[in-house]
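Below is structure04.cif, holding mmCIF, C-alpha atoms.
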```cif
data_upload
loop_
_atom_site.label_atom_id
_atom_site.label_comp_id
_atom_site.auth_asym_id
_atom_site.auth_seq_id
_atom_site.Cartn_x
_atom_site.Cartn_y
_atom_site.Cartn_z
CA MET A 279 -32.47 -14.85 0.11
CA ARG A 280 -29.49 -16.41 1.87
CA LEU A 281 -26.02 -14.97 1.22
CA ILE A 282 -24.62 -18.31 0.03
CA ASP A 283 -27.48 -18.64 -2.48
CA THR A 284 -26.79 -15.13 -3.74
CA ILE A 285 -23.09 -15.92 -4.15
CA ASN A 286 -23.85 -19.10 -6.09
CA ARG A 287 -26.37 -17.31 -8.30
CA ALA A 288 -23.84 -14.54 -9.02
CA GLY A 289 -21.32 -17.18 -10.08
CA ARG A 290 -23.84 -18.85 -12.40
CA SER A 291 -24.74 -15.51 -13.96
CA LEU A 292 -21.10 -14.84 -14.79
CA LYS A 293 -20.73 -18.32 -16.32
CA ASN A 294 -23.46 -17.44 -18.78
CA ALA A 295 -21.27 -14.59 -20.07
CA LYS A 296 -17.88 -16.30 -19.93
CA ALA A 297 -16.10 -14.27 -22.61
CA ARG A 298 -17.17 -10.91 -21.22
CA THR A 299 -16.34 -11.95 -17.65
CA LEU A 300 -12.91 -13.27 -18.65
CA LEU A 301 -11.96 -10.15 -20.63
CA THR A 302 -13.00 -7.86 -17.78
CA SER A 303 -11.10 -10.02 -15.28
CA LEU A 304 -7.98 -9.95 -17.44
CA ALA A 305 -8.09 -6.15 -17.46
CA ILE A 306 -7.97 -6.24 -13.66
CA GLY A 307 -5.34 -8.98 -13.84
CA VAL A 308 -2.89 -6.62 -15.57
CA GLY A 309 -3.01 -4.32 -12.57
CA ALA A 310 -2.79 -7.25 -10.14
CA PHE A 311 0.25 -8.60 -11.99
CA THR A 312 2.09 -5.27 -11.88
CA ILE A 313 1.22 -4.52 -8.25
CA THR A 314 2.17 -8.02 -7.04
CA LEU A 315 5.53 -7.91 -8.82
CA SER A 316 6.26 -4.39 -7.49
CA LEU A 317 5.51 -5.48 -3.92
CA ALA A 318 7.73 -8.55 -4.38
CA ALA A 319 10.56 -6.45 -5.81
CA GLY A 320 10.29 -3.96 -2.94
CA GLU A 321 10.24 -6.72 -0.34
CA GLY A 322 13.16 -8.53 -1.93
CA GLY A 323 15.14 -5.34 -2.46
CA ARG A 324 14.75 -4.25 1.15
CA GLY A 325 15.68 -7.73 2.35
CA TYR A 326 18.77 -7.68 0.16
CA THR A 327 19.89 -4.28 1.44
CA ASP A 328 19.31 -5.46 5.02
CA GLN A 329 21.70 -8.36 4.38
CA ILE A 330 24.26 -6.10 2.68
CA VAL A 331 24.28 -3.65 5.59
CA SER A 332 24.50 -6.40 8.22
CA ALA A 333 27.35 -8.06 6.28
CA ASN A 334 29.37 -4.86 5.93
CA SER A 335 28.57 -2.84 9.04
CA ASP A 336 27.80 -3.42 12.69
CA VAL A 337 24.63 -2.02 14.26
CA ARG A 338 26.74 -1.28 17.35
CA GLU A 339 29.10 0.93 15.36
CA ILE A 340 28.83 4.50 14.14
CA LEU A 341 31.17 5.84 11.46
CA VAL A 342 32.53 9.27 12.35
CA THR A 343 34.43 11.82 10.27
CA GLN A 344 35.25 15.49 10.42
CA PRO A 345 33.02 17.78 8.29
CA GLN A 346 34.77 18.23 4.97
CA PRO A 347 35.03 21.65 3.28
CA GLU A 348 33.43 22.29 -0.06
CA VAL A 349 35.48 22.13 -3.24
CA SER A 350 37.13 25.50 -3.84
CA THR A 351 39.48 27.14 -6.30
CA GLY A 352 42.47 29.41 -5.83
CA PRO A 353 45.30 29.49 -3.31
CA ARG A 354 44.84 27.72 0.03
CA GLU A 355 46.44 28.62 3.32
CA PHE A 356 49.02 26.17 4.66
CA ASP A 357 48.10 24.37 7.91
CA PRO A 358 51.26 23.74 9.99
CA THR A 359 49.41 21.35 12.35
CA GLY A 360 48.82 18.85 9.56
CA SER A 361 45.20 18.26 10.60
CA VAL A 362 44.24 19.42 7.11
CA GLN A 363 45.77 17.67 4.15
CA THR A 364 45.96 19.91 1.09
CA GLY A 365 45.59 18.20 -2.21
CA PRO A 366 43.33 17.65 -5.18
CA ALA A 367 39.89 16.23 -4.73
CA SER A 368 36.97 15.60 -7.04
CA GLY A 369 35.63 18.75 -8.60
CA PRO A 370 35.78 20.92 -11.71
CA LEU A 371 39.05 21.41 -13.54
CA GLY A 372 41.42 23.43 -11.38
CA ALA A 373 39.29 22.96 -8.25
CA THR A 374 40.77 21.42 -5.12
CA ALA A 375 39.50 20.55 -1.66
CA ASP A 376 41.16 19.96 1.72
CA ILE A 377 40.68 16.73 3.63
CA VAL A 378 40.14 17.30 7.35
CA PHE A 379 41.40 14.44 9.49
CA LEU A 380 40.36 13.19 12.90
CA THR A 381 43.18 13.80 15.37
CA ARG A 382 44.04 11.96 18.56
CA GLU A 383 42.37 14.76 20.52
CA ASP A 384 39.18 14.23 18.51
CA LEU A 385 39.23 10.53 19.33
CA ASP A 386 39.66 11.29 23.03
CA THR A 387 36.71 13.70 22.86
CA ILE A 388 34.52 11.06 21.21
CA ALA A 389 35.48 8.51 23.86
CA THR A 390 34.00 10.74 26.59
CA ILE A 391 30.50 10.60 25.09
CA GLU A 392 27.96 8.58 27.07
CA ASN A 393 27.26 5.02 25.80
CA VAL A 394 30.51 4.95 23.78
CA THR A 395 32.59 1.89 24.70
CA GLU A 396 35.44 2.13 22.20
CA VAL A 397 36.75 4.39 19.44
CA ILE A 398 38.62 2.55 16.69
CA PRO A 399 40.30 4.77 14.08
CA ASN A 400 40.54 3.44 10.55
CA TYR A 401 44.16 2.33 10.62
CA SER A 402 44.18 0.38 7.31
CA PRO A 403 47.96 -0.11 7.37
CA ASN A 404 49.55 -0.15 3.93
CA VAL A 405 51.70 -3.31 4.01
CA SER A 406 53.96 -4.24 1.11
CA TYR A 407 52.94 -7.84 0.55
CA ILE A 408 51.67 -11.08 2.07
CA THR A 409 53.44 -14.42 1.76
CA ALA A 410 53.67 -17.91 3.24
CA GLU A 411 56.31 -20.59 3.40
CA GLY A 412 56.93 -21.97 -0.09
CA SER A 413 54.61 -19.40 -1.65
CA LYS A 414 55.06 -16.32 -3.78
CA GLN A 415 54.66 -12.79 -2.49
CA PHE A 416 51.33 -11.13 -3.24
CA VAL A 417 50.38 -7.46 -3.06
CA VAL A 418 47.79 -6.76 -0.37
CA ASP A 419 45.13 -4.58 -1.97
CA SER A 420 43.25 -4.03 1.28
CA LEU A 421 43.98 -4.81 4.93
CA SER A 422 41.10 -3.90 7.25
CA THR A 423 40.10 -4.35 10.86
CA PHE A 424 37.77 -7.21 11.75
CA THR A 425 34.39 -6.16 13.14
CA PRO A 426 32.75 -8.80 15.39
CA GLY A 427 29.24 -7.74 14.42
CA LEU A 428 29.65 -8.41 10.70
CA ALA A 429 27.59 -11.27 9.27
CA LEU A 430 30.39 -12.84 7.23
CA GLU A 431 30.24 -16.08 5.30
CA PHE A 432 33.19 -18.43 5.55
CA ALA A 433 34.60 -20.79 2.91
CA ALA A 434 36.67 -22.53 5.60
CA GLY A 435 37.21 -22.12 9.32
CA GLU A 436 35.07 -19.88 11.50
CA VAL A 437 35.28 -16.93 13.86
CA VAL A 438 32.96 -17.81 16.75
CA ASP A 439 31.29 -14.87 18.52
CA GLY A 440 33.78 -12.47 16.93
CA ASN A 441 36.71 -13.93 18.86
CA LEU A 442 39.65 -13.23 16.57
CA GLY A 443 43.07 -13.13 18.23
CA ASP A 444 45.61 -10.36 17.71
CA THR A 445 47.93 -12.84 15.98
CA GLU A 446 45.18 -14.29 13.77
CA ILE A 447 43.92 -13.26 10.35
CA VAL A 448 40.85 -13.86 8.19
CA LEU A 449 42.03 -14.34 4.63
CA ASN A 450 40.10 -13.55 1.52
CA GLU A 451 39.24 -16.72 -0.43
CA ASP A 452 41.26 -15.64 -3.48
CA TYR A 453 44.37 -15.05 -1.38
CA ALA A 454 43.90 -18.36 0.45
CA LYS A 455 43.85 -20.21 -2.87
CA ALA A 456 46.84 -18.27 -4.18
CA LEU A 457 48.92 -18.95 -1.05
CA PHE A 458 47.80 -22.48 -0.11
CA GLY A 459 45.91 -23.91 -3.09
CA SER A 460 42.51 -24.01 -1.34
CA ALA A 461 40.60 -22.40 1.52
CA GLU A 462 40.66 -25.60 3.59
CA ASN A 463 44.46 -25.91 3.34
CA ALA A 464 44.91 -22.38 4.67
CA ILE A 465 43.33 -22.97 8.09
CA GLY A 466 45.94 -23.04 10.85
CA LYS A 467 48.79 -22.08 8.52
CA THR A 468 51.04 -19.05 9.01
CA VAL A 469 51.22 -16.06 6.68
CA GLU A 470 53.54 -13.09 6.94
CA LEU A 471 52.82 -9.43 6.22
CA ARG A 472 55.75 -7.20 5.31
CA ALA A 473 55.62 -3.74 6.87
CA ASP A 474 57.98 -0.97 5.71
CA SER A 475 58.67 2.06 7.90
CA GLN A 476 57.89 5.31 6.10
CA SER A 477 60.03 7.44 8.41
CA ASN A 478 63.12 5.19 8.56
CA MET A 479 63.77 4.26 4.99
CA GLY A 480 65.09 0.72 4.64
CA ASP A 481 63.60 -0.53 7.91
CA SER A 482 61.08 -3.37 7.46
CA LYS A 483 59.82 -6.44 9.25
CA LEU A 484 57.74 -9.54 8.62
CA VAL A 485 54.76 -9.92 10.96
CA PRO A 486 53.37 -13.48 11.26
CA PHE A 487 49.66 -14.27 11.52
CA THR A 488 47.83 -17.60 11.86
CA VAL A 489 44.93 -18.13 9.45
CA LYS A 490 41.80 -18.42 11.58
CA ALA A 491 39.24 -18.50 8.77
CA VAL A 492 38.74 -17.82 5.08
CA SER A 493 35.92 -15.48 4.08
CA SER A 494 33.93 -16.62 1.09
CA ALA A 495 33.35 -14.57 -2.04
CA SER A 496 29.84 -13.50 -1.06
CA GLY A 497 27.46 -11.27 -2.98
CA LEU A 498 26.85 -9.44 0.30
CA ALA A 499 30.05 -8.98 2.28
CA PHE A 500 32.02 -6.66 0.03
CA ARG A 501 34.65 -6.11 2.71
CA ALA A 502 35.31 -9.84 2.89
CA GLN A 503 35.69 -10.02 -0.87
CA GLY A 504 38.46 -7.44 -1.05
CA SER A 505 40.08 -7.33 2.39
CA GLN A 506 42.26 -9.39 4.68
CA LEU A 507 40.92 -8.89 8.20
CA ILE A 508 42.93 -8.53 11.42
CA THR A 509 42.04 -7.16 14.85
CA ALA A 510 42.12 -3.45 15.62
CA ASN A 511 45.08 -4.02 17.97
CA ALA A 512 47.11 -5.76 15.27
CA ALA A 513 46.20 -3.07 12.75
CA ARG A 514 47.27 -0.38 15.22
CA ASP A 515 50.66 -2.04 15.79
CA LEU A 516 51.30 -2.21 12.04
CA TYR A 517 50.13 1.36 11.59
CA GLU A 518 52.44 2.56 14.39
CA TYR A 519 55.45 0.88 12.82
CA ILE A 520 54.69 2.08 9.28
CA SER A 521 53.50 5.64 9.94
CA LYS A 522 55.14 6.82 13.17
CA GLY A 523 57.25 9.89 12.58
CA THR A 524 55.49 10.92 9.39
CA ARG A 525 53.49 14.13 8.93
CA ASN A 526 50.14 12.36 8.85
CA TYR A 527 50.79 10.13 11.86
CA ASP A 528 47.82 9.93 14.26
CA LYS A 529 45.49 11.55 11.75
CA PHE A 530 42.57 9.50 10.42
CA VAL A 531 39.93 9.98 7.75
CA LEU A 532 37.29 8.17 9.81
CA ALA A 533 36.78 6.18 12.98
CA ALA A 534 34.36 3.49 14.11
CA VAL A 535 32.62 4.30 17.39
CA ARG A 536 31.38 1.24 19.28
CA ILE A 537 28.34 1.75 21.51
CA THR A 538 26.73 -0.16 24.37
CA GLU A 539 23.42 -1.03 22.70
CA PRO A 540 22.08 -0.71 19.11
CA ASN A 541 19.10 1.31 20.37
CA LYS A 542 21.53 3.99 21.61
CA ALA A 543 22.83 4.67 18.09
CA GLU A 544 20.66 7.72 17.40
CA GLU A 545 21.37 9.20 20.82
CA VAL A 546 25.14 8.86 20.36
CA LYS A 547 24.90 10.14 16.79
CA GLU A 548 23.18 13.33 17.99
CA ALA A 549 25.85 13.80 20.65
CA LEU A 550 28.59 13.43 18.02
CA ILE A 551 26.91 15.96 15.72
CA ALA A 552 26.56 18.37 18.64
CA LYS A 553 30.35 18.18 19.11
CA GLY A 554 30.92 19.09 15.47
CA PHE A 555 31.49 15.66 13.92
CA GLU A 556 29.70 13.94 11.06
CA ALA A 557 28.22 10.56 11.99
CA GLN A 558 26.49 7.78 10.11
CA THR A 559 24.76 4.72 11.56
CA SER A 560 23.81 1.47 9.86
CA ALA A 561 20.21 2.70 9.86
CA ASP A 562 21.29 5.80 7.91
CA ILE A 563 22.95 3.66 5.24
CA LEU A 564 19.95 1.36 5.07
CA GLY A 565 17.50 4.26 4.97
CA THR A 566 19.26 5.88 2.03
CA ILE A 567 19.20 2.69 0.00
CA ASN A 568 15.61 1.87 0.96
CA THR A 569 14.46 5.36 -0.04
CA PHE A 570 15.73 4.69 -3.55
CA ILE A 571 14.00 1.29 -3.59
CA ASN A 572 10.74 2.80 -2.32
CA VAL A 573 10.78 5.43 -5.08
CA LEU A 574 11.20 2.75 -7.75
CA GLN A 575 8.51 0.62 -6.12
CA GLY A 576 6.18 3.62 -6.02
CA ILE A 577 6.63 4.16 -9.75
CA LEU A 578 5.77 0.53 -10.48
CA LEU A 579 2.77 0.66 -8.15
CA GLY A 580 1.63 3.77 -10.00
CA PHE A 581 1.56 1.84 -13.27
CA GLY A 582 -0.37 -0.94 -11.54
CA ALA A 583 -2.85 1.53 -10.07
CA LEU A 584 -3.34 3.09 -13.52
CA ALA A 585 -4.15 -0.35 -14.94
CA VAL A 586 -6.64 -0.97 -12.12
CA LEU A 587 -8.25 2.45 -12.68
CA THR A 588 -8.71 1.60 -16.34
CA SER A 589 -10.29 -1.73 -15.42
CA VAL A 590 -12.78 0.05 -13.14
CA PHE A 591 -14.51 1.52 -16.19
CA GLY A 592 -14.56 -1.96 -17.72
CA ILE A 593 -16.33 -3.35 -14.66
CA ILE A 594 -18.89 -0.55 -14.68
CA ASN A 595 -19.53 -1.05 -18.39
CA THR A 596 -19.83 -4.83 -18.01
CA GLN A 597 -22.25 -4.54 -15.13
CA TYR A 598 -24.45 -1.96 -16.87
CA ILE A 599 -24.66 -4.20 -19.95
CA SER A 600 -25.54 -7.13 -17.68
CA VAL A 601 -28.34 -5.12 -16.08
CA LEU A 602 -29.76 -4.14 -19.50
CA GLU A 603 -29.57 -7.72 -20.81
CA ARG A 604 -31.27 -9.16 -17.72
CA THR A 605 -33.99 -6.58 -17.19
CA GLN A 606 -36.81 -9.11 -17.61
CA GLN A 607 -34.99 -11.58 -15.35
CA ILE A 608 -34.67 -8.90 -12.67
CA GLY A 609 -38.38 -8.08 -13.02
CA LEU A 610 -39.29 -11.76 -12.63
CA MET A 611 -37.12 -12.15 -9.52
CA LYS A 612 -38.76 -9.10 -7.96
CA ALA A 613 -42.22 -10.36 -8.88
CA LEU A 614 -41.40 -13.64 -7.12
CA GLY A 615 -40.53 -11.76 -3.92
CA MET A 616 -36.84 -10.89 -4.23
CA ARG A 617 -36.14 -7.70 -2.31
CA ARG A 618 -34.37 -4.65 -3.74
CA ARG A 619 -31.53 -5.19 -1.28
CA ASP A 620 -31.02 -8.74 -2.53
CA VAL A 621 -31.00 -7.61 -6.17
CA GLY A 622 -28.37 -4.98 -5.41
CA ARG A 623 -26.33 -7.52 -3.45
CA LEU A 624 -26.47 -9.96 -6.39
CA PHE A 625 -24.82 -7.50 -8.77
CA LYS A 626 -22.27 -6.39 -6.19
CA LEU A 627 -21.29 -10.02 -5.66
CA GLU A 628 -20.94 -10.47 -9.42
CA ALA A 629 -18.52 -7.54 -9.41
CA ALA A 630 -16.68 -9.12 -6.47
CA TRP A 631 -16.35 -12.38 -8.44
CA ILE A 632 -14.84 -10.44 -11.36
CA GLY A 633 -12.40 -8.72 -8.99
CA PHE A 634 -11.46 -12.04 -7.40
CA LEU A 635 -10.86 -13.75 -10.75
CA GLY A 636 -8.81 -10.83 -12.07
CA GLY A 637 -6.79 -10.54 -8.87
CA ALA A 638 -6.18 -14.29 -8.62
CA ILE A 639 -5.14 -14.57 -12.28
CA GLY A 640 -2.83 -11.53 -12.16
CA ALA A 641 -1.27 -12.32 -8.77
CA GLY A 642 -0.89 -16.00 -9.67
CA LEU A 643 0.87 -15.19 -12.95
CA ALA A 644 3.13 -12.71 -11.08
CA VAL A 645 4.18 -15.41 -8.62
CA VAL A 646 4.86 -17.88 -11.43
CA ALA A 647 6.83 -15.24 -13.36
CA GLY A 648 8.78 -14.37 -10.21
CA VAL A 649 9.67 -18.00 -9.48
CA ILE A 650 10.96 -18.36 -13.05
CA ALA A 651 12.76 -15.00 -13.10
CA ASN A 652 14.45 -15.24 -9.68
CA PRO A 653 17.22 -17.70 -10.63
CA ILE A 654 17.78 -15.90 -13.94
CA ILE A 655 18.19 -12.55 -12.16
CA THR A 656 20.44 -14.14 -9.52
CA ASP A 657 22.73 -15.66 -12.15
CA ALA A 658 22.81 -12.48 -14.24
CA LEU A 659 23.74 -10.28 -11.25
CA ASN A 660 25.92 -12.92 -9.57
CA LEU A 661 23.99 -12.65 -6.30
CA ASP A 662 25.12 -16.00 -4.90
CA GLY A 663 21.70 -17.59 -4.38
CA ILE A 664 19.92 -14.42 -3.23
CA TYR A 665 16.50 -13.79 -4.78
CA LEU A 666 15.41 -10.20 -5.43
CA LEU A 667 11.71 -11.04 -5.83
CA SER A 668 10.25 -12.01 -2.46
CA PHE A 669 6.55 -12.89 -2.40
CA ASN A 670 4.78 -12.36 0.91
CA PRO A 671 1.62 -14.53 1.03
CA PHE A 672 -0.22 -11.88 3.04
CA ALA A 673 0.71 -9.20 0.51
CA VAL A 674 -0.50 -11.39 -2.38
CA ALA A 675 -3.77 -12.10 -0.56
CA GLY A 676 -4.07 -8.38 0.20
CA VAL A 677 -3.79 -7.55 -3.50
CA VAL A 678 -6.60 -9.99 -4.38
CA ILE A 679 -8.86 -8.76 -1.56
CA GLY A 680 -8.11 -5.13 -2.41
CA LEU A 681 -9.10 -5.67 -6.04
CA MET A 682 -12.31 -7.37 -4.93
CA VAL A 683 -13.15 -4.27 -2.89
CA VAL A 684 -12.35 -2.02 -5.87
CA ALA A 685 -14.60 -4.16 -8.08
CA VAL A 686 -17.48 -4.02 -5.59
CA VAL A 687 -17.18 -0.24 -5.34
CA SER A 688 -17.18 -0.07 -9.15
CA GLY A 689 -20.33 -2.19 -9.28
CA ILE A 690 -22.34 -0.07 -6.84
CA ALA A 691 -23.91 2.21 -9.48
CA PRO A 692 -25.07 -0.65 -11.79
CA ALA A 693 -26.32 -2.57 -8.72
CA ARG A 694 -28.39 0.41 -7.59
CA LYS A 695 -29.87 0.71 -11.08
CA ALA A 696 -30.86 -2.97 -11.01
CA ALA A 697 -32.33 -2.66 -7.51
CA LYS A 698 -34.49 0.34 -8.50
CA LEU A 699 -36.10 -1.32 -11.54
CA ASP A 700 -39.89 -1.50 -11.37
CA PRO A 701 -40.88 -5.18 -11.70
CA ILE A 702 -43.91 -4.47 -13.94
CA GLU A 703 -41.95 -2.26 -16.32
CA ALA A 704 -39.08 -4.73 -16.31
CA LEU A 705 -41.37 -7.64 -17.30
CA ARG A 706 -42.72 -5.61 -20.23
CA THR A 707 -39.25 -5.00 -21.62
CA GLU A 708 -38.55 -6.76 -24.90
#
```
Hey, can you dump this file as structure tokens for me?
Amino acid sequence: MRLIDTINRAGRSLKNAKARTLLTSLAIGVGAFTITLSLAAGEGGRGYTDQIVSANSDVREILVTQPQPEVSTGPREFDPTGSVQTGPASGPLGATADIVFLTREDLDTIATIENVTEVIPNYSPNVSYITAEGSKQFVVDSLSTFTPGLALEFAAGEVVDGNLGDTEIVLNEDYAKALFGSAENAIGKTVELRADSQSNMGDSKLVPFTVKAVSSASGLAFRAQGSQLITANAARDLYEYISKGTRNYDKFVLAAVRITEPNKAEEVKEALIAKGFEAQTSADILGTINTFINVLQGILLGFGALAVLTSVFGIINTQYISVLERTQQIGLMKALGMRRRDVGRLFKLEAAWIGFLGGAIGAGLAVVAGVIANPIITDALNLDGIYLLSFNPFAVAGVVIGLMVVAVVSGIAPARKAAKLDPIEALRTE
């Protein structure tokens, strides 16, 4: 008997028991629905974290700090060098911890490591305010250094290939509107940052910057949402003026280490650790987040697998009932020359049809539910057009094919029973 004829006959047999076939398929569909949605959530979640990391860190940069001591209680020894800042940190009541800074000597040591092109300490100068001609003065909550490798979104203007001048600034969209009424009006205009010397009380100056671009309020680039961005050179000049002569001058909590190629990140990281520093790459940040996503996805897949396991017993039960109900029919087919192998194949194909229907129904409903839920989730979480459920066609097809295989495996025992029936005894069955 040809395979195509066997497939068609299996389909006709299932049509004769529509209700039973549909109920068994729906049992599989529950598992298909859960598995498809979990895969989509994992795919979308990993894609979202990829975008977050690329928008807030550069793959060519490694963040470096000194190892920090554990929280401790009791008196602490004074450090006259100032490389350790004594003060309260998070911990139980009465517990304090010391913050160990990177010194200029540390930065020089890091710069000698192979494949390191530049070491940029986190200056983050604390300016008093920002203003523009005819505008009010606004407190600057965060002033950070611009990183060329960040995938920023711009409401107006643009920084092409990371080329931001030392006298240029990327404004946050909220500040652009507050100073100039709109992001578009800010481009090309001049703003001034007031810097106050911490060592010479009363000394201050206004430093002008030309607005190069305005970063948009993106659901990804958190730095762009809260920071005004200037070059590392401009940040260093402000830092020098504000902090020179103070106790904590030339001492930094962290530094960004720029490397020659992204594929050298792990090699440089190991070299930094060997010299006693703590280092973190973009891959480390991404890996930590993705581990959490993978755990959640695994839990959801476990529920889906449990639903599929339950449906396996339904398939076996359905197929055994089908064999009992069609005993005479099986005997007649064998009497007319149908081979045992063809009989077994017929029932396996019926199981495959059930698996296909269940998988297609469940996966199809999951896709429809995801398409409906995506904009709702995006609006609820304010993700700015980013969808957290991402359906990969190959993954959806894989779910359907996988469930067909599971169904066929489940139908092996009933198929063998049908194939072994004696045609004479089967024809005598009432």
Which residues come within 12 Å of Val308 in chain A, counting all atoms listed in the file, excluding same-chain residues fewer than 2 positions away, as a PyMOL selection string?
-> chain A and resi 301-306+310-315+579+581-589+633+635-644+681
Determine, counting all atoms listed in the file, which protein, DNA and RNA residues have an atom within 12 Å of an atom of range 470-480 of chain A; residues of the same chain fewer than 3 positions away are not included. Present the result as number ranges by chain.
-> A: 403-418, 421, 445-447, 449, 457, 467, 483-489, 506, 508, 512-513, 515-527
For those residues, write C-alpha atoms to a file as a compact mmCIF listing (two decimals), in the coordinates of the input.
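The result, written out as result-v5.txt:
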```txt
# COMPACT_ATOMS: atom_id res chain seq x y z
CA PRO A 403 47.96 -0.11 7.37
CA ASN A 404 49.55 -0.15 3.93
CA VAL A 405 51.70 -3.31 4.01
CA SER A 406 53.96 -4.24 1.11
CA TYR A 407 52.94 -7.84 0.55
CA ILE A 408 51.67 -11.08 2.07
CA THR A 409 53.44 -14.42 1.76
CA ALA A 410 53.67 -17.91 3.24
CA GLU A 411 56.31 -20.59 3.40
CA GLY A 412 56.93 -21.97 -0.09
CA SER A 413 54.61 -19.40 -1.65
CA LYS A 414 55.06 -16.32 -3.78
CA GLN A 415 54.66 -12.79 -2.49
CA PHE A 416 51.33 -11.13 -3.24
CA VAL A 417 50.38 -7.46 -3.06
CA VAL A 418 47.79 -6.76 -0.37
CA LEU A 421 43.98 -4.81 4.93
CA THR A 445 47.93 -12.84 15.98
CA GLU A 446 45.18 -14.29 13.77
CA ILE A 447 43.92 -13.26 10.35
CA LEU A 449 42.03 -14.34 4.63
CA LEU A 457 48.92 -18.95 -1.05
CA LYS A 467 48.79 -22.08 8.52
CA LYS A 483 59.82 -6.44 9.25
CA LEU A 484 57.74 -9.54 8.62
CA VAL A 485 54.76 -9.92 10.96
CA PRO A 486 53.37 -13.48 11.26
CA PHE A 487 49.66 -14.27 11.52
CA THR A 488 47.83 -17.60 11.86
CA VAL A 489 44.93 -18.13 9.45
CA GLN A 506 42.26 -9.39 4.68
CA ILE A 508 42.93 -8.53 11.42
CA ALA A 512 47.11 -5.76 15.27
CA ALA A 513 46.20 -3.07 12.75
CA ASP A 515 50.66 -2.04 15.79
CA LEU A 516 51.30 -2.21 12.04
CA TYR A 517 50.13 1.36 11.59
CA GLU A 518 52.44 2.56 14.39
CA TYR A 519 55.45 0.88 12.82
CA ILE A 520 54.69 2.08 9.28
CA SER A 521 53.50 5.64 9.94
CA LYS A 522 55.14 6.82 13.17
CA GLY A 523 57.25 9.89 12.58
CA THR A 524 55.49 10.92 9.39
CA ARG A 525 53.49 14.13 8.93
CA ASN A 526 50.14 12.36 8.85
CA TYR A 527 50.79 10.13 11.86
```
Write out as a VMD selection string each polymer residue whose atoms come within 10 Å of range 658-674 of chain A, counting only C-alpha atoms; drop sequence neighbours fewer than 4 positions from it.
-> chain A and resid 310 313 to 326 329 495 to 498 637 to 638 641 to 642 644 to 645 647 to 649 651 to 654 678 to 680
Would you save the residues of that selection, restricted to C-alpha atoms, as a short mmCIF file (atom, residue, chain, number, x, y, z; two decimals), in the frame of the given file?
```
data_model
loop_
_atom_site.label_atom_id
_atom_site.label_comp_id
_atom_site.auth_asym_id
_atom_site.auth_seq_id
_atom_site.Cartn_x
_atom_site.Cartn_y
_atom_site.Cartn_z
CA ALA A 310 -2.79 -7.25 -10.14
CA ILE A 313 1.22 -4.52 -8.25
CA THR A 314 2.17 -8.02 -7.04
CA LEU A 315 5.53 -7.91 -8.82
CA SER A 316 6.26 -4.39 -7.49
CA LEU A 317 5.51 -5.48 -3.92
CA ALA A 318 7.73 -8.55 -4.38
CA ALA A 319 10.56 -6.45 -5.81
CA GLY A 320 10.29 -3.96 -2.94
CA GLU A 321 10.24 -6.72 -0.34
CA GLY A 322 13.16 -8.53 -1.93
CA GLY A 323 15.14 -5.34 -2.46
CA ARG A 324 14.75 -4.25 1.15
CA GLY A 325 15.68 -7.73 2.35
CA TYR A 326 18.77 -7.68 0.16
CA GLN A 329 21.70 -8.36 4.38
CA ALA A 495 33.35 -14.57 -2.04
CA SER A 496 29.84 -13.50 -1.06
CA GLY A 497 27.46 -11.27 -2.98
CA LEU A 498 26.85 -9.44 0.30
CA GLY A 637 -6.79 -10.54 -8.87
CA ALA A 638 -6.18 -14.29 -8.62
CA ALA A 641 -1.27 -12.32 -8.77
CA GLY A 642 -0.89 -16.00 -9.67
CA ALA A 644 3.13 -12.71 -11.08
CA VAL A 645 4.18 -15.41 -8.62
CA ALA A 647 6.83 -15.24 -13.36
CA GLY A 648 8.78 -14.37 -10.21
CA VAL A 649 9.67 -18.00 -9.48
CA ALA A 651 12.76 -15.00 -13.10
CA ASN A 652 14.45 -15.24 -9.68
CA PRO A 653 17.22 -17.70 -10.63
CA ILE A 654 17.78 -15.90 -13.94
CA VAL A 678 -6.60 -9.99 -4.38
CA ILE A 679 -8.86 -8.76 -1.56
CA GLY A 680 -8.11 -5.13 -2.41
#
```
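A straight line drawn from CA of Arg338 in chain A to CA of Ser493 in chain A is 21.5 Å long.
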Hey, can you check how far CA of Val686 in chain A sits from CA of Met611 in chain A?
->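 Computed distance, CA of Val686 in chain A to CA of Met611 in chain A, equals 21.6 Å.
Minimum atom-to-atom distance to Arg514 in chain A, evaluated using all atoms listed in the file, belongs to A:Ser422 out of A:Ser422, A:Gln558, A:Thr538, A:Asn595.
Here the question is which of A:Gly615, A:Ala630, A:Ala534, A:Gly609 gets nearest to Lys698 in chain A using all atoms listed in the file, and that residue is A:Gly609.
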What gap, in Å, lies between CA of Arg290 in chain A and CA of Pro701 in chain A?
->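 Atom-to-atom, CA of Arg290 in chain A and CA of Pro701 in chain A are spaced 21.9 Å apart.
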Selected by the PyMOL selection byres ((chain A and resi 299) around 10) in the shown coordinates: which residues, as a ChimeraX atom specification?
-> /A:291-298,300-304,593,596-597,628-629,631-632,635-636
May I ask which of the residues A:Ile655, A:Leu602, A:Val531, A:Ala561 is the closest one to Val378 in chain A, counting only C-alpha atoms?
->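 Of the candidates, the smallest distance to Val378 in chain A is held by A:Val531.
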First collect every listed atom of range 407-415 of chain A; then fit an axis-aligned box around them, widen it by 4 Å on each side, and give centre and edge lengths in Å to one decimal, as lines of an AutoDock Vina configuration file.
```
center_x = 54.3
center_y = -14.9
center_z = -0.2
size_x = 13.3
size_y = 22.1
size_z = 15.2
```
